[in-house]
Amino acid sequence: MSNPVYGKKAVESRQSERRSALFWVLVSGIVLFLAWTPFQTALFNGQTLEFEKPIFWAASLACLLMFLWIAQYFKSFQLKDQRDWLAVGVLLLPLTYILSLISAASHVLAMNMVIINCIYAIMFIIGLYVLRDKLGNTIIQITIMAVAYLIVGFGLLHWFGQGKAAGAIARLFSNTVLNGTYTDVVMVDSNGLRLTSVFQYANTYAAFLMAFLFAAVFFVTTSRKWYGQAFHGFMLVPIIVSLLLTLSRGGLVLLPVVFILLLLFLKPAKQILWILYCGIAGVASLIISKPVTELGLQLNETFSGSTALKGWGILLGVSAVVGFLGWIIQSFIAPKLEQGLNNWSAKKTSALWIPLGSVAVGGLLIFLFIGTGLKNILPQNLSVRLENINFNQHSVLERLTFYKDAMKVLADYPIIGAGGGAWASLYEQYQNNPYTSRQAHNFFVQYLIEVGIVGFVIFMAFILYIFYKYIRGYLNNNEDDRNSHFLYLIITLSILIHSILDFNMSYVFMGILVFLGLGGMAAVMDNKPVKSWSPNVKTARSIYSAVVGVGAILVLITSIRYVQAADYGLEARRIVQISQSFEEIKAPLDKDLSIRPSHPNSVLLLNSLYQSVYQQTQDESFFQLSTNLLNKALKDEPHNKSMLNQLVQSYEMHQQPEQAYEVLISNAYKFNWDIQWYEQIINKGYDLGMKALGAGGTDAKDKYFRQATEAFAEVQTGIQHLSTLPEEQLQGNPFDNTPDMILNAGKMYFMLNQPERAAEALKLGLQEDLTQTTQQETVRWYLAALQKQGLSDDALMEKLSQVDPSAKQNVQQLADLQF
């Protein structure tokens, strides 16, 4: 007979081996996930198919990781301590986004954000458990740093004109390589060339670099191997140079803030070392910033192998020197420094003095670089950016305007918010002036209007609780335990602080880093059992696993379906380029819309097909298909301007201008600063009023004229408001009267028997040059309006008579008209 004890041990051994294998599969999956994600265009910026698809693939992969987590940690979850409850609490974050679907301004964008927050919740839960394992934690940290350094190198390859080489590698796993080059790694704006690497936005890349600059310094001071100290020290210069090349003022302003906050966690000896390394690398980077910038500008104009080699030689040579110094300092100076400051470190307030001194030194450096000639050592483009740092600078004023406008949104959607993508959908309705910005440039403000006060309070309570418990645990731990997860604090704190000024968290990769970081912090937080809760462990474990498992299955199915929808939409766009077959183009669009009925890209493309066929055949059924499609989609996407404009076009093609006009009038409040929308209302209102007048419909005429002139009055109010903006603040898009708008508004006031207002409006359109017919007509109606009031302008009449001999007679005829 077999021994039951040995049998039991064999079973336990096999189970242990199986769990170990599952653990390593899970860790390997996280590694691949972190390596793949940043090279996708994972910016949640709206309704672009190319941007959506990688997000849904990321969600699918995250769900697979979740299944592995359930298999590995099923028995570890007991709901007896605070960390386990955090794994429950994080589920509230996607739930608040699901709740906000009730009042979502855009169903498509809101659903996207539900899926994105499911990714974040999954990464937090996985991090909370996997990062407790010492070896697993080490592997993930190495992966994160390797990916970060790869991103830095990727950006510098493009800066030195070698984008084709980098693109040849990136195209294997990214859809943003066009013509052999990754899109916008070096972007161009009014400031010149700015380095963005995989983010395609310089300010977010600056936030990323800030986080990993401090991460690199941390590893220089904690690595026990000489090559670790030298390598991380070597990377300091490329990171700082890249940060300078972003030309990000926000990054430069917030870098010392985060630096000082991180210093507060360190002992005096470590604080001095951090300052020393940042100082050495910073000075070295500033010295080479000018030649590196100039060489990069040349290479992005015309590539030259020798010039690129020179640029790399300067950068790598100085980096090697700094890396060597890092090894020397860590080997010979750091031990003596820590030994010499042991007694000081034991004092309670010892960690405060150096950060306070750093504030004073930082203030002095800011003054020297902004207010003195020291800035001349910098490249000209960076020097100009530093000169413009002040609270009256246009980007600061614009951000303050965004935040004020966001509070108007919150006032209308206070409790559960306006859903994911609320700002992108609603900002035109609430904006103070005609800017264009699909991001609120503040993660916390954007989060607040998306999920309302309820969701925001839950989110802030969640992250603040983790920070609080992490800090408590940090203070009670020994040096090794403190260092084991400090990287996650660096990443999370750096990105979240910078996100006060920008939309870094709209990048799914950045969000993944933050939530994985929160999971890493929670993994070692000050943890206590929940004494007031004594659940049946088996039941609690089963319920939780079932909930997250079913949730992951639903997210996985939804994500795969959405990937299919995006593929169908992209296929239709490809077919349009090579074929004019209605059925061939329509087939994939129908498949897309069967999955996502209000998917804007496909709705707009399919409707344009219906409109085209209707124009060619005048077949009534295609008009019905067009309007039905748009009206159905607009129930989910009521603020989609492109859909509304297509609906107006459909009614006009069908000779239903009244219905078209109703669409314009009923949706005008959504686009308060769109001058083209106003122009349509005014000009079409005049046409409809004249049509009604010709048919003897005086009441209808008055209705259209009143609506159109009210719109004209709103334009004048808007123009007057724009004149009150601070001089430093940019207005945004053009917002001014057009000649046709002025003429038609003047005529309508005249025909509403309001000659004073007619003259006031028409006077806006008077010009010196009267050779144009529109100008002549404007003057005639203006003089007629004056004459109605018993006034005249002889000089203007004389001028008009020079181009129109019958001017007096024409003006008199207008003045005699009765309405």
# chains A, B, ... in the order shown; residues from 1 in each chain; ligands from 1
>>> residues_around(residues="A:Lys531", least_positions_apart="6", cutoff="12 Å", atoms="only C-alpha atoms", output="number ranges by chain")
A: 79-82
>>> write_last_selection(atoms="N, CA, C and O atoms", output="PDB file, in the first residue's frame")
ATOM      1  N   LEU A  79      -8.959  38.595   2.301  1.00  0.00           N
ATOM      2  CA  LEU A  79      -9.774  39.733   2.726  1.00  0.00           C
ATOM      3  C   LEU A  79      -9.686  39.957   4.240  1.00  0.00           C
ATOM      4  O   LEU A  79     -10.640  40.369   4.870  1.00  0.00           O
ATOM      5  N   LYS A  80      -8.514  39.675   4.784  1.00  0.00           N
ATOM      6  CA  LYS A  80      -8.344  39.848   6.225  1.00  0.00           C
ATOM      7  C   LYS A  80      -7.502  41.063   6.582  1.00  0.00           C
ATOM      8  O   LYS A  80      -7.486  41.491   7.727  1.00  0.00           O
ATOM      9  N   ASP A  81      -6.762  41.598   5.598  1.00  0.00           N
ATOM     10  CA  ASP A  81      -5.939  42.762   5.915  1.00  0.00           C
ATOM     11  C   ASP A  81      -6.236  43.910   4.949  1.00  0.00           C
ATOM     12  O   ASP A  81      -7.003  43.776   4.006  1.00  0.00           O
ATOM     13  N   GLN A  82      -5.614  45.059   5.237  1.00  0.00           N
ATOM     14  CA  GLN A  82      -5.918  46.285   4.495  1.00  0.00           C
ATOM     15  C   GLN A  82      -5.487  46.198   3.039  1.00  0.00           C
ATOM     16  O   GLN A  82      -6.125  46.788   2.174  1.00  0.00           O
TER      17      GLN A  82
END
>>> closest_residue(among="A:Ala87, A:Leu244, A:Ala745, A:Val258", to="A:Phe712", atoms="only C-alpha atoms")
A:Ala745
>>> select_by_dssp(residues="stretch 145-352 of chain A", states="alpha helix (DSSP H)", output="PyMOL selection string")
chain A and resi 145-159+163-170+202-222+226-245+249-263+268-301+305-328+334-340+342-345+350-352
>>> closest_residue(among="A:Thr37, A:Asn112, A:Asn753, A:Ser20", to="A:Val147", atoms="only C-alpha atoms")
A:Thr37
>>> residues_around(residues="A:Ser626", least_positions_apart="4", cutoff="9 Å", atoms="only C-alpha atoms", output="NGL selection string")
:A and (606-611 or 621-622 or 630-631 or 646-647 or 650)
>>> write_last_selection(atoms="N, CA and C atoms", output="PDB file, in the first residue's frame")
ATOM      1  N   LEU A 606     -20.056  56.297 -43.589  1.00  0.00           N
ATOM      2  CA  LEU A 606     -21.228  55.653 -44.185  1.00  0.00           C
ATOM      3  C   LEU A 606     -22.255  56.698 -44.615  1.00  0.00           C
ATOM      4  N   ASN A 607     -22.438  57.719 -43.800  1.00  0.00           N
ATOM      5  CA  ASN A 607     -23.405  58.751 -44.168  1.00  0.00           C
ATOM      6  C   ASN A 607     -22.974  59.516 -45.403  1.00  0.00           C
ATOM      7  N   SER A 608     -21.665  59.744 -45.545  1.00  0.00           N
ATOM      8  CA  SER A 608     -21.198  60.432 -46.755  1.00  0.00           C
ATOM      9  C   SER A 608     -21.487  59.585 -47.989  1.00  0.00           C
ATOM     10  N   LEU A 609     -21.434  58.257 -47.841  1.00  0.00           N
ATOM     11  CA  LEU A 609     -21.806  57.365 -48.953  1.00  0.00           C
ATOM     12  C   LEU A 609     -23.295  57.531 -49.290  1.00  0.00           C
ATOM     13  N   TYR A 610     -24.146  57.523 -48.249  1.00  0.00           N
ATOM     14  CA  TYR A 610     -25.579  57.695 -48.477  1.00  0.00           C
ATOM     15  C   TYR A 610     -25.870  59.029 -49.170  1.00  0.00           C
ATOM     16  N   GLN A 611     -25.203  60.065 -48.717  1.00  0.00           N
ATOM     17  CA  GLN A 611     -25.436  61.387 -49.318  1.00  0.00           C
ATOM     18  C   GLN A 611     -24.991  61.406 -50.775  1.00  0.00           C
ATOM     19  N   SER A 621     -34.966  56.617 -50.489  1.00  0.00           N
ATOM     20  CA  SER A 621     -34.566  55.687 -49.434  1.00  0.00           C
ATOM     21  C   SER A 621     -33.182  56.021 -48.873  1.00  0.00           C
ATOM     22  N   PHE A 622     -32.289  56.560 -49.713  1.00  0.00           N
ATOM     23  CA  PHE A 622     -30.948  56.903 -49.224  1.00  0.00           C
ATOM     24  C   PHE A 622     -30.985  58.138 -48.333  1.00  0.00           C
ATOM     25  N   LEU A 630     -27.811  59.196 -38.775  1.00  0.00           N
ATOM     26  CA  LEU A 630     -27.285  60.321 -38.002  1.00  0.00           C
ATOM     27  C   LEU A 630     -28.089  60.572 -36.737  1.00  0.00           C
ATOM     28  N   ASN A 631     -29.400  60.559 -36.849  1.00  0.00           N
ATOM     29  CA  ASN A 631     -30.226  60.828 -35.670  1.00  0.00           C
ATOM     30  C   ASN A 631     -30.048  59.755 -34.603  1.00  0.00           C
ATOM     31  N   GLN A 646     -23.274  67.111 -40.944  1.00  0.00           N
ATOM     32  CA  GLN A 646     -23.751  66.206 -42.002  1.00  0.00           C
ATOM     33  C   GLN A 646     -25.279  66.109 -42.005  1.00  0.00           C
ATOM     34  N   LEU A 647     -25.891  66.208 -40.825  1.00  0.00           N
ATOM     35  CA  LEU A 647     -27.350  66.184 -40.769  1.00  0.00           C
ATOM     36  C   LEU A 647     -27.931  67.428 -41.451  1.00  0.00           C
ATOM     37  N   SER A 650     -27.707  66.864 -45.135  1.00  0.00           N
ATOM     38  CA  SER A 650     -28.725  65.923 -45.622  1.00  0.00           C
ATOM     39  C   SER A 650     -30.066  66.627 -45.821  1.00  0.00           C
TER      40      SER A 650
END
>>> closest_atom_pairs(of="stretch 98-174 of chain A", to="stretch 212-229 of chain A", cutoff="10 Å", atoms="only C-alpha atoms", output="tab-separated table")
residue	atom	partner	partner_atom	distance
A:Ile144	CA	A:Phe212	CA	9.5
A:Met145	CA	A:Phe212	CA	7.7
A:Ala148	CA	A:Phe212	CA	7.0
A:Tyr149	CA	A:Phe212	CA	8.5
A:Val152	CA	A:Phe212	CA	9.8
>>> closest_residue(among="A:Gln809, A:Ser106, A:Asn137, A:Ser484", to="A:Phe23", atoms="only C-alpha atoms")
A:Asn137
>>> atom_distance(atom1="atom CA of A:Ser579", atom2="atom CA of A:Val177")
24.6 Å
>>> residues_around(residues="stretch 495-508 of chain A", least_positions_apart="6", cutoff="8 Å", atoms="only C-alpha atoms", output="list in words")
Ala42, Leu43, Phe44, Asn45, Ile55, Ile116, Phe199, Asn203, Thr204, Ala207, Phe208, Ala211, Gly250, Gly251, Leu254, Val258, Arg399, Gln439, Ala440, His441, Asn442, Phe443, Phe444 and Val514 of chain A
